[in-house]
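Q: So that we are looking at the same thing, I have put the structure below in structure tokens.
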Amino acid sequence: MGELRYFAAGKSLGLETERCVGCGRCVEVCPHAVFAVDGGKARIAERGRCMECGACARNCPVGVISVTAGVGCAAAVIGGFFNGGVPTCGCGCGDDDPRCC
Ligand code: SF4
Ligand code: SF4
């Protein structure tokens, strides 16, 4: 299977680089390798892979990552599973994009 990328992904993901202490927790916990740490600072290396799960923001010790968890494809897939419906993230692609939920 090819690399997973999410339609309109990671829109809510933010990083306040100046206050990052370079601990690497975001790299450790992100299931999609969105972050990289170079020269003691994190950077968003692959925004398109972000599924807005929120793990990075919950684990950053200095709170410099922001993300609106519970939106996007991750929420759609979970919601579809529990509600028994077709997953939809509301991105507006109308099922035309095979990379979407
Ligand atoms: S929200 Fe989840 S997928 Fe997105 S960067 Fe953070 S840990 Fe990775
Ligand atoms: S978890 Fe936070 S402090 Fe640690 S490298 Fe990532 S952004 Fe920087």
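Residues are referred to by chain and number: the chain letter is A, B, ... according to the order shown in the structure tokens, the number counts from 1 in that chain, and ligands are numbered separately from 1 in the order shown.
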For region 61-67 of chain A, find every residue with an atom within 12 Å (counting only C-alpha atoms), except residues of its own chain fewer than 2 positions away, and show them as a ChimeraX atom specification.

A: /A:9-26,35,41-44,47,50-59,69-72

Q: From a backbone DSSP assignment, name each residue in region 8-43 of chain A labelled strand (DSSP E), as a list in words.

A: Gly14, Leu15, Phe35, Ala36, Val37, Asp38, Lys41, Ala42 and Arg43 of chain A

Q: With only C-alpha atoms and all ligand atoms as the atoms that count, which of A:Val34, A:Ala45, A:Cys60, A:Val29 lies nearest to ligand 2?

A: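 Between A:Val34, A:Ala45, A:Cys60, A:Val29, the residue approaching ligand 2 most closely is A:Cys60.
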
Q: In Å to one decimal, how far is atom 6 (Fe, counted along the ligand's line) of ligand 1 from CA of Gly39 (chain A)?

A: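 Going from CA of Gly39 (chain A) over to atom 6 (Fe, counted along the ligand's line) of ligand 1, I get 20.2 Å.
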
Q: Any idea what the distance is between atom 6 (Fe, counted along the ligand's line) of ligand 2 and CA of His32 (chain A)?

A: 14.0 Å

Q: Please extract the residues of region 5-48 of chain A with a backbone DSSP assignment of helix (DSSP H, G or I) and present them as a ChimeraX atom specification.

A: /A:17-19,25-29,47-48
